[in-house]
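Shown next: entry09.cif, given as mmCIF, C-alpha atoms.
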data_coords
#
loop_
_atom_site.group_PDB
_atom_site.id
_atom_site.type_symbol
_atom_site.label_atom_id
_atom_site.label_comp_id
_atom_site.auth_asym_id
_atom_site.auth_seq_id
_atom_site.Cartn_x
_atom_site.Cartn_y
_atom_site.Cartn_z
ATOM 1 C CA MET R 1 3.918 5.644 -26.307
ATOM 2 C CA ARG R 2 6.118 3.032 -27.912
ATOM 3 C CA CYS R 3 4.071 2.558 -31.073
ATOM 4 C CA SER R 4 6.950 1.723 -33.395
ATOM 5 C CA GLU R 5 7.550 -1.692 -31.840
ATOM 6 C CA SER R 6 5.761 -4.858 -32.892
ATOM 7 C CA TRP R 7 2.845 -6.187 -30.881
ATOM 8 C CA ALA R 8 4.809 -9.171 -29.532
ATOM 9 C CA ALA R 9 7.765 -7.003 -28.541
ATOM 10 C CA ARG R 10 5.439 -4.644 -26.684
ATOM 11 C CA VAL R 11 3.845 -7.511 -24.774
ATOM 12 C CA ALA R 12 7.248 -8.973 -23.880
ATOM 13 C CA ASP R 13 8.533 -5.547 -22.867
ATOM 14 C CA ILE R 14 5.692 -4.562 -20.526
ATOM 15 C CA GLY R 15 5.300 -8.156 -19.369
ATOM 16 C CA LEU R 16 8.868 -8.126 -18.101
ATOM 17 C CA VAL R 17 8.366 -4.725 -16.463
ATOM 18 C CA LEU R 18 5.233 -6.039 -14.749
ATOM 19 C CA LEU R 19 6.880 -9.267 -13.574
ATOM 20 C CA LEU R 20 9.897 -7.467 -12.128
ATOM 21 C CA SER R 21 7.726 -4.790 -10.484
ATOM 22 C CA ALA R 22 5.590 -7.477 -8.850
ATOM 23 C CA LEU R 23 8.670 -9.333 -7.606
ATOM 24 C CA GLY R 24 10.265 -6.122 -6.325
ATOM 25 C CA THR R 25 7.071 -5.332 -4.439
ATOM 26 C CA TYR R 26 6.685 -8.832 -2.991
ATOM 27 C CA LEU R 27 10.302 -8.749 -1.827
ATOM 28 C CA TRP R 28 9.302 -6.344 0.983
ATOM 29 C CA ARG R 29 6.230 -8.332 1.953
ATOM 30 C CA GLY R 30 8.109 -11.637 2.051
ATOM 31 C CA LEU R 31 11.003 -10.071 3.951
ATOM 32 C CA GLY R 32 8.467 -8.659 6.401
ATOM 33 C CA VAL R 33 7.132 -12.153 7.177
ATOM 34 C CA LEU R 34 10.674 -13.476 7.580
ATOM 35 C CA LEU R 35 11.715 -10.687 9.955
ATOM 36 C CA SER R 36 8.459 -10.618 11.921
ATOM 37 C CA GLY R 37 9.208 -14.103 13.249
ATOM 38 C CA ARG R 38 12.450 -12.827 14.758
ATOM 39 C CA ILE R 39 11.279 -9.615 16.385
ATOM 40 C CA SER R 40 9.737 -9.631 19.846
ATOM 41 C CA VAL R 41 6.405 -7.807 19.823
ATOM 42 C CA ASN R 42 7.019 -6.507 23.330
ATOM 43 C CA GLY R 43 10.482 -5.181 22.549
ATOM 44 C CA GLU R 44 11.516 -1.587 21.991
ATOM 45 C CA PHE R 45 12.568 -2.394 18.409
ATOM 46 C CA PHE R 46 9.016 -3.417 17.540
ATOM 47 C CA THR R 47 7.697 -0.168 19.010
ATOM 48 C CA TRP R 48 10.151 1.732 16.814
ATOM 49 C CA VAL R 49 9.088 -0.239 13.700
ATOM 50 C CA THR R 50 5.460 0.599 14.528
ATOM 51 C CA CYS R 51 6.358 4.309 14.671
ATOM 52 C CA VAL R 52 8.211 4.069 11.345
ATOM 53 C CA THR R 53 5.247 2.308 9.710
ATOM 54 C CA TYR R 54 2.652 4.893 10.717
ATOM 55 C CA ALA R 55 5.016 7.768 9.916
ATOM 56 C CA MET R 56 5.712 6.295 6.472
ATOM 57 C CA ILE R 57 2.018 5.878 5.682
ATOM 58 C CA ALA R 58 1.266 9.450 6.764
ATOM 59 C CA GLY R 59 4.292 10.676 4.801
ATOM 60 C CA LEU R 60 3.170 8.793 1.682
ATOM 61 C CA VAL R 61 -0.210 10.496 1.749
ATOM 62 C CA THR R 62 0.983 14.028 2.506
ATOM 63 C CA VAL R 63 3.810 13.775 -0.062
ATOM 64 C CA ASN R 64 1.405 12.572 -2.766
ATOM 65 C CA GLN R 65 -1.090 15.315 -1.950
ATOM 66 C CA GLY R 66 1.672 17.919 -1.925
ATOM 67 C CA ALA R 67 3.022 16.695 -5.266
ATOM 68 C CA LEU R 68 -0.513 16.835 -6.676
ATOM 69 C CA LEU R 69 -0.897 20.460 -5.563
ATOM 70 C CA ILE R 70 2.414 21.397 -7.190
ATOM 71 C CA LYS R 71 1.266 19.748 -10.448
ATOM 72 C CA MET L 1 -14.514 -21.600 10.748
ATOM 73 C CA GLN L 2 -11.785 -20.500 8.378
ATOM 74 C CA SER L 3 -14.138 -20.116 5.435
ATOM 75 C CA ALA L 4 -16.584 -18.197 7.627
ATOM 76 C CA ALA L 5 -13.803 -15.764 8.559
ATOM 77 C CA PHE L 6 -12.840 -15.469 4.892
ATOM 78 C CA ARG L 7 -16.450 -14.669 4.005
ATOM 79 C CA THR L 8 -16.595 -12.073 6.803
ATOM 80 C CA GLY L 9 -13.537 -10.436 5.246
ATOM 81 C CA VAL L 10 -15.077 -10.433 1.770
ATOM 82 C CA ARG L 11 -18.337 -9.021 3.113
ATOM 83 C CA GLU L 12 -16.579 -6.229 4.990
ATOM 84 C CA SER L 13 -14.593 -5.258 1.908
ATOM 85 C CA PHE L 14 -17.875 -4.354 0.176
ATOM 86 C CA GLY L 15 -18.528 -1.301 2.310
ATOM 87 C CA VAL L 16 -17.490 2.331 2.286
ATOM 88 C CA PRO L 17 -13.754 1.478 2.081
ATOM 89 C CA GLY L 18 -14.437 -0.746 -0.941
ATOM 90 C CA GLY L 19 -16.445 2.016 -2.593
ATOM 91 C CA VAL L 20 -13.652 4.528 -2.128
ATOM 92 C CA LEU L 21 -11.145 1.986 -3.391
ATOM 93 C CA GLY L 22 -13.360 1.363 -6.428
ATOM 94 C CA ALA L 23 -13.470 5.062 -7.304
ATOM 95 C CA THR L 24 -9.689 5.183 -6.936
ATOM 96 C CA TYR L 25 -9.140 2.252 -9.272
ATOM 97 C CA ILE L 26 -11.544 3.758 -11.826
ATOM 98 C CA GLY L 27 -9.123 6.688 -11.822
ATOM 99 C CA PHE L 28 -6.163 4.335 -12.214
ATOM 100 C CA GLY L 29 -7.811 2.488 -15.121
ATOM 101 C CA ALA L 30 -8.542 5.803 -16.844
ATOM 102 C CA LEU L 31 -4.964 7.038 -16.369
ATOM 103 C CA ALA L 32 -3.603 3.744 -17.695
ATOM 104 C CA PHE L 33 -5.801 4.050 -20.791
ATOM 105 C CA SER L 34 -4.554 7.589 -21.371
ATOM 106 C CA GLY L 35 -0.995 6.293 -21.033
ATOM 107 C CA GLY L 36 -1.497 3.645 -23.708
ATOM 108 C CA ILE L 37 -1.175 0.710 -21.317
ATOM 109 C CA PRO L 38 -2.892 -2.523 -22.456
ATOM 110 C CA VAL L 39 -5.909 -3.504 -20.357
ATOM 111 C CA TRP L 40 -4.396 -6.873 -19.365
ATOM 112 C CA VAL L 41 -1.527 -5.024 -17.685
ATOM 113 C CA VAL L 42 -4.058 -2.955 -15.728
ATOM 114 C CA ILE L 43 -5.698 -6.181 -14.496
ATOM 115 C CA ALA L 44 -2.473 -8.127 -13.898
ATOM 116 C CA SER L 45 -0.731 -5.258 -12.080
ATOM 117 C CA THR L 46 -3.705 -4.824 -9.753
ATOM 118 C CA ILE L 47 -3.498 -8.492 -8.774
ATOM 119 C CA THR L 48 0.279 -8.993 -8.705
ATOM 120 C CA ILE L 49 1.556 -5.619 -7.445
ATOM 121 C CA TRP L 50 -1.560 -4.626 -5.472
ATOM 122 C CA ALA L 51 -0.188 -1.253 -4.454
ATOM 123 C CA LEU L 52 -1.551 1.819 -6.169
ATOM 124 C CA PRO L 53 1.445 4.160 -5.778
ATOM 125 C CA GLY L 54 3.717 1.455 -7.234
ATOM 126 C CA GLN L 55 1.304 0.773 -10.101
ATOM 127 C CA LEU L 56 1.154 4.481 -10.914
ATOM 128 C CA VAL L 57 4.944 4.737 -10.954
ATOM 129 C CA MET L 58 5.151 1.720 -13.265
ATOM 130 C CA VAL L 59 2.552 3.125 -15.687
ATOM 131 C CA ASP L 60 4.066 6.619 -15.629
ATOM 132 C CA MET L 61 7.594 5.431 -16.294
ATOM 133 C CA TRP L 62 6.640 2.869 -18.919
ATOM 134 C CA GLN L 63 4.734 5.378 -20.977
ATOM 135 C CA ILE L 64 7.678 7.774 -21.121
ATOM 136 C CA GLY L 65 9.916 4.882 -22.179
ATOM 137 C CA ALA L 66 12.090 4.571 -19.063
ATOM 138 C CA PRO L 67 14.545 1.625 -18.996
ATOM 139 C CA THR L 68 13.218 -1.570 -17.377
ATOM 140 C CA ILE L 69 15.817 -1.508 -14.607
ATOM 141 C CA ALA L 70 14.898 2.084 -13.699
ATOM 142 C CA ILE L 71 11.214 1.125 -13.480
ATOM 143 C CA LEU L 72 12.066 -1.889 -11.313
ATOM 144 C CA LEU L 73 14.099 0.223 -8.901
ATOM 145 C CA ALA L 74 11.504 2.994 -8.700
ATOM 146 C CA VAL L 75 8.585 0.614 -8.090
ATOM 147 C CA THR L 76 10.562 -1.361 -5.499
ATOM 148 C CA LEU L 77 11.587 1.816 -3.694
ATOM 149 C CA THR L 78 8.025 3.166 -3.756
ATOM 150 C CA ASN L 79 6.717 0.000 -2.140
ATOM 151 C CA ALA L 80 9.343 -0.331 0.594
ATOM 152 C CA ARG L 81 6.704 0.584 3.189
ATOM 153 C CA PHE L 82 5.421 -2.988 2.886
ATOM 154 C CA LEU L 83 8.375 -4.205 4.934
ATOM 155 C CA PRO L 84 7.409 -2.435 8.189
ATOM 156 C CA MET L 85 3.705 -2.829 7.387
ATOM 157 C CA THR L 86 4.103 -6.608 7.102
ATOM 158 C CA VAL L 87 6.294 -6.760 10.220
ATOM 159 C CA THR L 88 3.612 -4.957 12.248
ATOM 160 C CA VAL L 89 0.574 -6.864 10.940
ATOM 161 C CA MET L 90 2.091 -10.353 11.256
ATOM 162 C CA PRO L 91 1.904 -10.548 15.077
ATOM 163 C CA VAL L 92 -1.802 -9.638 14.764
ATOM 164 C CA ILE L 93 -2.627 -12.510 12.373
ATOM 165 C CA ARG L 94 -0.056 -15.137 13.414
ATOM 166 C CA ASP L 95 -1.417 -18.251 15.102
ATOM 167 C CA ARG L 96 0.450 -21.447 15.965
ATOM 168 C CA GLY L 97 -2.274 -23.559 14.375
ATOM 169 C CA HIS L 98 -1.292 -22.488 10.849
ATOM 170 C CA PRO L 99 1.746 -23.534 8.808
ATOM 171 C CA GLU L 100 4.326 -20.792 8.194
ATOM 172 C CA TRP L 101 3.814 -20.671 4.387
ATOM 173 C CA ILE L 102 0.290 -19.315 4.927
ATOM 174 C CA TYR L 103 1.856 -16.057 6.046
ATOM 175 C CA TYR L 104 3.922 -15.751 2.875
ATOM 176 C CA VAL L 105 0.640 -15.936 0.937
ATOM 177 C CA ALA L 106 -1.063 -13.545 3.364
ATOM 178 C CA ALA L 107 1.791 -11.077 2.844
ATOM 179 C CA GLN L 108 0.497 -10.411 -0.681
ATOM 180 C CA CYS L 109 -2.710 -9.146 1.002
ATOM 181 C CA VAL L 110 -0.795 -6.385 2.784
ATOM 182 C CA ALA L 111 -1.711 -3.037 1.239
ATOM 183 C CA MET L 112 -2.847 0.199 2.827
ATOM 184 C CA SER L 113 -6.573 -0.696 2.685
ATOM 185 C CA SER L 114 -6.453 -4.181 4.174
ATOM 186 C CA TRP L 115 -3.569 -3.326 6.530
ATOM 187 C CA ILE L 116 -5.429 -0.459 8.199
ATOM 188 C CA ILE L 117 -8.650 -2.436 8.566
ATOM 189 C CA CYS L 118 -6.915 -5.618 9.724
ATOM 190 C CA MET L 119 -4.860 -3.758 12.347
ATOM 191 C CA ARG L 120 -8.123 -2.482 13.839
ATOM 192 C CA ARG L 121 -10.442 -5.481 13.307
ATOM 193 C CA GLY L 122 -7.911 -8.276 13.752
ATOM 194 C CA PRO L 123 -7.606 -8.122 17.561
ATOM 195 C CA GLU L 124 -11.424 -8.354 17.852
ATOM 196 C CA LEU L 125 -11.420 -11.768 16.110
ATOM 197 C CA PRO L 126 -10.210 -15.170 17.403
ATOM 198 C CA ALA L 127 -6.483 -15.514 16.577
ATOM 199 C CA ARG L 128 -7.014 -18.597 14.404
ATOM 200 C CA GLU L 129 -9.427 -16.773 12.093
ATOM 201 C CA ARG L 130 -7.487 -13.583 11.487
ATOM 202 C CA VAL L 131 -5.367 -14.738 8.568
ATOM 203 C CA ALA L 132 -8.477 -15.993 6.736
ATOM 204 C CA TYR L 133 -10.198 -12.696 7.517
ATOM 205 C CA LEU L 134 -7.299 -10.733 6.019
ATOM 206 C CA GLY L 135 -7.383 -13.012 2.970
ATOM 207 C CA GLY L 136 -11.095 -12.410 2.460
ATOM 208 C CA LEU L 137 -10.743 -8.689 2.959
ATOM 209 C CA ALA L 138 -7.914 -8.453 0.428
ATOM 210 C CA ALA L 139 -9.665 -10.777 -2.046
ATOM 211 C CA GLY L 140 -12.720 -8.515 -1.944
ATOM 212 C CA PHE L 141 -10.658 -5.348 -2.306
ATOM 213 C CA ILE L 142 -8.602 -6.801 -5.176
ATOM 214 C CA ALA L 143 -11.784 -7.931 -6.980
ATOM 215 C CA ILE L 144 -13.240 -4.435 -6.559
ATOM 216 C CA GLY L 145 -9.946 -2.921 -7.753
ATOM 217 C CA VAL L 146 -9.789 -5.110 -10.876
ATOM 218 C CA VAL L 147 -13.406 -4.524 -11.913
ATOM 219 C CA ALA L 148 -13.180 -0.785 -11.216
ATOM 220 C CA ALA L 149 -9.895 -0.446 -13.113
ATOM 221 C CA VAL L 150 -11.378 -2.166 -16.168
ATOM 222 C CA VAL L 151 -14.464 0.073 -15.991
ATOM 223 C CA GLY L 152 -12.224 3.145 -15.665
ATOM 224 C CA TYR L 153 -10.150 1.947 -18.611
ATOM 225 C CA TYR L 154 -13.165 1.773 -20.903
ATOM 226 C CA ILE L 155 -14.830 4.995 -19.758
ATOM 227 C CA ALA L 156 -11.546 6.940 -19.637
ATOM 228 C CA GLU L 157 -12.529 9.298 -22.451
ATOM 229 C CA SER L 158 -15.577 10.497 -20.545
ATOM 230 C CA ILE L 159 -13.568 11.371 -17.408
ATOM 231 C CA PRO L 160 -11.673 14.688 -17.554
ATOM 232 C CA PRO L 161 -7.913 14.262 -16.872
ATOM 233 C CA VAL L 162 -8.048 16.423 -13.716
ATOM 234 C CA MET L 163 -10.763 14.194 -12.325
ATOM 235 C CA GLN L 164 -8.826 11.024 -13.196
ATOM 236 C CA ILE L 165 -5.909 12.238 -11.069
ATOM 237 C CA GLY L 166 -8.276 13.424 -8.329
ATOM 238 C CA MET L 167 -9.945 10.007 -8.151
ATOM 239 C CA VAL L 168 -6.619 8.220 -7.830
ATOM 240 C CA PHE L 169 -5.931 10.103 -4.609
ATOM 241 C CA LEU L 170 -9.293 9.368 -2.997
ATOM 242 C CA ALA L 171 -8.333 6.110 -1.286
ATOM 243 C CA PRO L 172 -5.080 7.279 0.358
ATOM 244 C CA VAL L 173 -6.870 10.323 1.776
ATOM 245 C CA TYR L 174 -9.840 8.250 2.915
ATOM 246 C CA PHE L 175 -7.667 5.654 4.637
ATOM 247 C CA ILE L 176 -5.481 8.220 6.361
ATOM 248 C CA ILE L 177 -8.607 9.949 7.703
ATOM 249 C CA PHE L 178 -9.927 6.544 8.780
ATOM 250 C CA LEU L 179 -6.634 5.991 10.580
ATOM 251 C CA ILE L 180 -6.740 9.381 12.310
ATOM 252 C CA VAL L 181 -10.367 8.966 13.410
ATOM 253 C CA GLU L 182 -9.738 5.437 14.667
ATOM 254 C CA VAL L 183 -6.480 6.232 16.391
ATOM 255 C CA ARG L 184 -6.364 4.570 19.783
ATOM 256 C CA THR L 185 -2.895 5.139 21.135
ATOM 257 C CA ARG L 186 -0.751 8.196 21.665
ATOM 258 C CA LEU L 187 2.112 6.397 19.926
ATOM 259 C CA VAL L 188 0.181 6.110 16.656
ATOM 260 C CA ALA L 189 -1.070 9.699 16.863
ATOM 261 C CA ILE L 190 2.448 11.068 17.332
ATOM 262 C CA ALA L 191 3.878 8.835 14.568
ATOM 263 C CA LEU L 192 1.191 9.931 12.087
ATOM 264 C CA ALA L 193 1.791 13.598 12.884
ATOM 265 C CA CYS L 194 5.587 13.323 12.649
ATOM 266 C CA GLY L 195 5.508 11.390 9.359
ATOM 267 C CA GLY L 196 2.813 13.570 7.840
ATOM 268 C CA ILE L 197 4.769 16.749 8.568
ATOM 269 C CA ALA L 198 8.204 15.322 7.726
ATOM 270 C CA GLY L 199 7.079 13.996 4.324
ATOM 271 C CA PRO L 200 6.448 17.248 2.441
ATOM 272 C CA LEU L 201 9.476 18.930 4.078
ATOM 273 C CA LEU L 202 11.734 16.099 2.927
ATOM 274 C CA TYR L 203 10.094 16.179 -0.499
ATOM 275 C CA LEU L 204 11.590 19.635 -0.976
ATOM 276 C CA LEU L 205 15.054 18.166 -0.381
ATOM 277 C CA THR L 206 14.777 14.797 -2.107
ATOM 278 C CA PRO L 207 11.490 13.851 -3.827
ATOM 279 C CA GLN L 208 12.276 10.186 -4.492
ATOM 280 C CA TRP L 209 13.471 9.388 -0.967
ATOM 281 C CA SER L 210 10.974 11.610 0.882
ATOM 282 C CA VAL L 211 8.455 8.915 1.869
ATOM 283 C CA LEU L 212 11.086 6.485 3.134
ATOM 284 C CA LEU L 213 12.909 9.200 5.041
ATOM 285 C CA ALA L 214 9.636 10.508 6.456
ATOM 286 C CA GLY L 215 9.129 7.033 7.843
ATOM 287 C CA PHE L 216 12.594 6.723 9.337
ATOM 288 C CA ILE L 217 13.092 10.284 10.572
ATOM 289 C CA GLY L 218 9.454 10.956 11.506
ATOM 290 C CA GLY L 219 9.097 7.523 13.060
ATOM 291 C CA THR L 220 12.318 7.793 15.071
ATOM 292 C CA LEU L 221 11.304 11.250 16.258
ATOM 293 C CA ALA L 222 7.893 9.888 17.289
ATOM 294 C CA TYR L 223 9.563 6.988 19.109
ATOM 295 C CA ALA L 224 11.848 9.398 21.005
ATOM 296 C CA LEU L 225 8.928 11.715 21.854
ATOM 297 C CA GLN L 226 6.866 8.796 23.112
ATOM 298 C CA ARG L 227 9.707 7.648 25.357
ATOM 299 C CA LYS L 228 10.188 11.147 26.744
ATOM 300 C CA LEU L 229 6.450 11.572 27.388
ATOM 301 C CA GLY L 230 6.302 8.097 28.919
ATOM 302 C CA ARG L 231 9.034 9.008 31.384
ATOM 303 C CA THR L 232 7.560 12.333 32.463
ATOM 304 C CA ARG L 233 4.301 10.611 33.242
ATOM 305 C CA GLY L 234 6.160 7.978 35.217
#

Please go through the file and, once you have read it, give me the structure as structure tokens.
Amino acid sequence: MRCSESWAARVADIGLVLLLSALGTYLWRGLGVLLSGRISVNGEFFTWVTCVTYAMIAGLVTVNQGALLIK
Amino acid sequence: MQSAAFRTGVRESFGVPGGVLGATYIGFGALAFSGGIPVWVVIASTITIWALPGQLVMVDMWQIGAPTIAILLAVTLTNARFLPMTVTVMPVIRDRGHPEWIYYVAAQCVAMSSWIICMRRGPELPARERVAYLGGLAAGFIAIGVVAAVVGYYIAESIPPVMQIGMVFLAPVYFIIFLIVEVRTRLVAIALACGGIAGPLLYLLTPQWSVLLAGFIGGTLAYALQRKLGRTRG
């Protein structure tokens, strides 16, 4: 914990971290909307993106569970 | 019509998935309390980031005093899955009757919970109503998440640390099981299996890149397998 800092400095510090984290997260969502308009749903590329999405979600869960077990 | 679809979404968020999500966010609130995070950050991060793994990374790194830029990069990397998730859900909810900016707002609703449910429920609804449905679903889930996180924050001391961590992992496990049970195509089944197996293997090589690589390598492998199977069956 960063207890030595003043209250205002703490708020500014974590506020900035929060703002940047939110923007960094939205970047992917916004980019997804932008790209989705340019990809044909019936194309092979879309099928590949679908595979990547499901694989990433499954990977996220198994990696987190695995990391939890190691902890 | 739109508000009816929104209400349907809200109503459906208050079911079993919402309950599991609530338990998960109680765990998050408790962990945040233990990490010395102010309660307003718990609330604001749930609304603005709306991605539990990213929120956990932010809280973890902030409490050990990591530099802001390092936290930004780690959170952004952790949430990269939203790019393909948004790309795949947009064709489900897109309708010519709505202006394009609606979808940039709807994108904030994309998270594992609402994505999985919208991918399944969306096609059953009229195209015009899907974006409002997703909005309602996410609004309900976010409200549940915020309330649960605040409750978890204030009852943190009565939840043992092991249980706090256990609760945080309830929702991902629930939603992946939901996904497996509901799986309708061979493509999705193969992709889930490939990613799920690739993830922990890649974690041994490179923990921070394992999820992204599991997506790319596992997903590409699944795509190739699907093509091969498709050909053999003519």

Counting all atoms listed in the file, chain L residues within 7 Å of chain R, as a PyMOL selection string: chain L and resi 36+45+48-49+63-64+68+72+75-76+79-88+90+103-104+107-108+172-173+176+188+191-192+194-196+198-200+203+211-212+214-216+218-220+222-223

Point-to-point distance in Å for atom CA of L:Ile142 and atom CA of L:Thr46: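 Value for the atom CA of L:Thr46-atom CA of L:Ile142 distance: 7.0 Å.
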
Distance of atom CA of L:Ala23 from atom CA of L:Gly166, expressed in Å to one decimal place: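 Pair atom CA of L:Gly166 / atom CA of L:Ala23 returns 9.9 Å.
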
Atom CA of L:Leu134 to atom CA of L:Ser114, straight-line distance in Å: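 Between atom CA of L:Ser114 and atom CA of L:Leu134 the gap is 6.9 Å.
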
Residue contacts of stretch 118-126 of chain L (10 Å, all atoms listed in the file) excluding same-chain residues fewer than 2 positions away, as JSON, numbers by chain: {"L": [5, 9, 85, 88, 89, 90, 91, 92, 93, 95, 110, 112, 113, 114, 115, 116, 128, 129, 130, 131, 133, 134, 137, 138, 179, 182, 183, 184]}

L:Phe28 environment, 10 Å, only C-alpha atoms, sequence neighbours closer than 2 positions dropped, as a VMD selection string: chain L and resid 22 to 26 30 to 34 42 46 52 to 53 55 to 56 59 145 148 to 150 152 to 153 156 164 to 165 167 to 169

Hey, can I get the axis-aligned box for stretch 5-17 of chain R? All listed atoms, 5 Å padding on each side, centre and edge lengths in Å to one decimal, as AutoDock Vina command-line options.
--center_x 5.9 --center_y -5.4 --center_z -24.7 --size_x 16.0 --size_y 17.5 --size_z 26.4

Give me the residues within 7 Å of L:Ala171 as a PDB file with C-alpha atoms, in the frame of the given file, counting only C-alpha atoms and dropping any in the same chain fewer than 4 places off.
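To be explicit, this is the file written out as result-v1.pdb:
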ATOM      1  CA  VAL L  20     -13.652   4.528  -2.128  1.00  0.00           C
ATOM      2  CA  LEU L  21     -11.145   1.986  -3.391  1.00  0.00           C
ATOM      3  CA  THR L  24      -9.689   5.183  -6.936  1.00  0.00           C
ATOM      4  CA  PHE L 175      -7.667   5.654   4.637  1.00  0.00           C
TER       5      PHE L 175
END

Repair of stretch 7-28 of chain R at the level of N, CA and C atoms, as an mmCIF file, keeping the file's coordinate frame:
data_model
loop_
_atom_site.group_PDB
_atom_site.id
_atom_site.type_symbol
_atom_site.label_atom_id
_atom_site.label_comp_id
_atom_site.auth_asym_id
_atom_site.auth_seq_id
_atom_site.Cartn_x
_atom_site.Cartn_y
_atom_site.Cartn_z
ATOM 1 N N TRP R 7 3.767 -5.832 -31.954
ATOM 2 C CA TRP R 7 2.845 -6.187 -30.881
ATOM 3 C C TRP R 7 3.506 -7.143 -29.879
ATOM 4 N N ALA R 8 4.176 -8.169 -30.407
ATOM 5 C CA ALA R 8 4.809 -9.171 -29.532
ATOM 6 C C ALA R 8 5.910 -8.547 -28.678
ATOM 7 N N ALA R 9 6.685 -7.650 -29.284
ATOM 8 C CA ALA R 9 7.765 -7.003 -28.541
ATOM 9 C C ALA R 9 7.203 -6.133 -27.420
ATOM 10 N N ARG R 10 6.092 -5.478 -27.704
ATOM 11 C CA ARG R 10 5.439 -4.644 -26.684
ATOM 12 C C ARG R 10 4.951 -5.486 -25.506
ATOM 13 N N VAL R 11 4.346 -6.624 -25.827
ATOM 14 C CA VAL R 11 3.845 -7.511 -24.774
ATOM 15 C C VAL R 11 5.000 -8.031 -23.925
ATOM 16 N N ALA R 12 6.090 -8.453 -24.607
ATOM 17 C CA ALA R 12 7.248 -8.973 -23.880
ATOM 18 C C ALA R 12 7.858 -7.882 -23.012
ATOM 19 N N ASP R 13 7.926 -6.677 -23.561
ATOM 20 C CA ASP R 13 8.533 -5.547 -22.867
ATOM 21 C C ASP R 13 7.764 -5.201 -21.592
ATOM 22 N N ILE R 14 6.461 -4.952 -21.714
ATOM 23 C CA ILE R 14 5.692 -4.562 -20.526
ATOM 24 C C ILE R 14 5.465 -5.762 -19.615
ATOM 25 N N GLY R 15 5.433 -6.949 -20.188
ATOM 26 C CA GLY R 15 5.300 -8.156 -19.369
ATOM 27 C C GLY R 15 6.474 -8.306 -18.420
ATOM 28 N N LEU R 16 7.665 -8.042 -18.929
ATOM 29 C CA LEU R 16 8.868 -8.126 -18.101
ATOM 30 C C LEU R 16 8.848 -7.046 -17.018
ATOM 31 N N VAL R 17 8.457 -5.837 -17.415
ATOM 32 C CA VAL R 17 8.366 -4.725 -16.463
ATOM 33 C C VAL R 17 7.394 -5.080 -15.333
ATOM 34 N N LEU R 18 6.255 -5.657 -15.724
ATOM 35 C CA LEU R 18 5.233 -6.039 -14.749
ATOM 36 C C LEU R 18 5.738 -7.121 -13.796
ATOM 37 N N LEU R 19 6.365 -8.147 -14.382
ATOM 38 C CA LEU R 19 6.880 -9.267 -13.574
ATOM 39 C C LEU R 19 7.907 -8.772 -12.553
ATOM 40 N N LEU R 20 8.856 -7.960 -13.025
ATOM 41 C CA LEU R 20 9.897 -7.467 -12.128
ATOM 42 C C LEU R 20 9.314 -6.546 -11.058
ATOM 43 N N SER R 21 8.354 -5.703 -11.450
ATOM 44 C CA SER R 21 7.726 -4.790 -10.484
ATOM 45 C C SER R 21 6.997 -5.569 -9.396
ATOM 46 N N ALA R 22 6.313 -6.652 -9.819
ATOM 47 C CA ALA R 22 5.590 -7.477 -8.850
ATOM 48 C C ALA R 22 6.567 -8.157 -7.899
ATOM 49 N N LEU R 23 7.675 -8.668 -8.452
ATOM 50 C CA LEU R 23 8.670 -9.333 -7.606
ATOM 51 C C LEU R 23 9.325 -8.340 -6.647
ATOM 52 N N GLY R 24 9.647 -7.160 -7.159
ATOM 53 C CA GLY R 24 10.265 -6.122 -6.325
ATOM 54 C C GLY R 24 9.349 -5.702 -5.189
ATOM 55 N N THR R 25 8.042 -5.698 -5.467
ATOM 56 C CA THR R 25 7.071 -5.332 -4.439
ATOM 57 C C THR R 25 6.927 -6.454 -3.412
ATOM 58 N N TYR R 26 6.863 -7.711 -3.913
ATOM 59 C CA TYR R 26 6.685 -8.832 -2.991
ATOM 60 C C TYR R 26 7.897 -9.023 -2.084
ATOM 61 N N LEU R 27 9.063 -8.647 -2.611
ATOM 62 C CA LEU R 27 10.302 -8.749 -1.827
ATOM 63 C C LEU R 27 10.109 -8.186 -0.417
ATOM 64 N N TRP R 28 9.499 -6.998 -0.315
ATOM 65 C CA TRP R 28 9.302 -6.344 0.983
ATOM 66 C C TRP R 28 8.313 -7.110 1.842
#
